[in-house]
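Notes follow once the structure below has been shown.
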Amino acid sequence: MQFISFMDEALAEARLAADAGEVPVGAVVVQGGVIIGRGRNATRTGCDPSAHAEIVAIRQACAVLGQERLVGCDLYVTLEPCAMCAGAIANARIARLYFGASDPKSGGVTVGARVFDRAQSHHAPEIYDGISADATTALLREFFAPKRG
């Protein structure tokens, strides 16, 4: 079976987040090669601190399947998930996590909290980092450049 990346779809969601004035992070949940959940950061527009791209995509995928578990599903996200999102990924039982840019400030997977390495984590997905990292990093830098003056 040939690997097909869905990071371009996650990047499209991230661009929509940037267009809305949100930090440009996008995510998609994939089951059997079909996208069943899409999400982009919406914390500001939704006045919801939990509306990270991963959470939005997971909620949509769970609604599509009519269940709280996403066993066998993959999650593509443009930025390393934070600790909150890593917890949701574990609780949803996502099989594989693909992410673009690492997040040394707020990451919860390969830096920082390393949620999946904790005994309290009920599930740890397979992790593949650096997928389209140049494109995801460039999008974040472009968004933050004017804000850092």
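Ligands are numbered from 1 in the order shown, chains are lettered A, B, ... in the order of the structure tokens, and residues start at 1 in each chain.
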For region 42-59 of chain A, please output as a PDB file with C-alpha atoms, in the first residue's frame all residues within 6 Å (counting only C-alpha atoms; exclusion window: fewer than 2 positions along the same chain).
ATOM      1  CA  GLY A  26      -4.935  23.194  10.314  1.00  0.00           C
ATOM      2  CA  ALA A  27      -5.806  19.553  10.757  1.00  0.00           C
ATOM      3  CA  VAL A  28      -7.621  16.708   9.040  1.00  0.00           C
ATOM      4  CA  GLY A  37     -12.912  15.641   9.845  1.00  0.00           C
ATOM      5  CA  ARG A  38     -11.451  19.064   9.137  1.00  0.00           C
ATOM      6  CA  GLY A  39     -10.371  21.704  11.563  1.00  0.00           C
ATOM      7  CA  ARG A  40      -8.513  24.967  11.857  1.00  0.00           C
ATOM      8  CA  ALA A  61     -14.772  13.091  12.733  1.00  0.00           C
ATOM      9  CA  CYS A  62     -16.448  11.696  15.863  1.00  0.00           C
TER      10      CYS A  62
END
Quiz item: Within 6 Å of Val29 (chain A), counting only C-alpha atoms, which residues qualify if same-chain residues fewer than 3 places away don't, as a list in words?
Solution: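 Returned residues: Ile35, Ile36, Gly37, Asp74 and Leu75 of chain A.
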Practice problem: Considering only C-alpha atoms, return as a list of chain:residue names whatever protein or nucleic-acid residues lie within 7 Å of Cys82 (chain A), sequence-local ones (same chain, fewer than 4 positions apart) excluded. | Solution: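 Once the adjacent positions are removed, what remains is A:Ala86, A:Ser106, A:Gly107, A:Gly108.
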Practice problem: Identify, with DSSP run on backbone atoms, the residues in chain A assigned to strand (DSSP E), and express the list as a list in words. | Solution: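 Written out, the strand (DSSP E) residues of chain A are Gly26, Ala27, Val28, Val29, Val30, Gln31, Val34, Ile35, Ile36, Gly37, Arg38, Gly39, Arg40, Asp74, Leu75, Tyr76, Val77, Thr78, Leu79, Arg96, Leu97, Tyr98, Phe99, Gly100, Ala101, Glu126, Ile127, Tyr128 and Asp129 of chain A.
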Self-check item: Secondary structure check, helix (DSSP H, G or I) residues of region 78-113 of chain A, as a PyMOL selection string
Solution: chain A and resi 83-92
Quiz item: Which of these residues is nearest to Glu9 (chain A), using only C-alpha atoms: A:Met84, A:Pro104, A:Ala92, A:Thr136?
Solution: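 With only C-alpha atoms as the atom set, the closest residue is A:Thr136.
Nearest residue to Glu13 (chain A), choosing from A:Ala63, A:Ala135, A:Val77, A:Ala95 and counting only C-alpha atoms: A:Val77.
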Practice problem: Check the smallest atom-to-atom distance from each of A:His123, A:Val23, A:Val34, A:Leu97 to Arg141 (chain A) using only C-alpha atoms, then report the winner. | Solution: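 Of A:His123, A:Val23, A:Val34, A:Leu97, the one nearest Arg141 (chain A), counting only C-alpha atoms, is A:Val23.
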Quiz item: Pick the closest to Gly100 (chain A) from A:Glu22, A:Glu142, A:Glu68, A:Glu80: which is it, counting only C-alpha atoms?
Solution: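 With only C-alpha atoms as the atom set, the closest residue is A:Glu80.
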Quiz prompt | Nearest-residue call for Asp19 (chain A), choices A:Asn41, A:Pro125, A:Leu70, A:Phe99, using only C-alpha atoms | solution = A:Asn41
Practice problem: Between CA of Met7 (chain A) and CA of Tyr76 (chain A), measure the distance and give it in Å to one decimal. | Solution: 5.9 Å
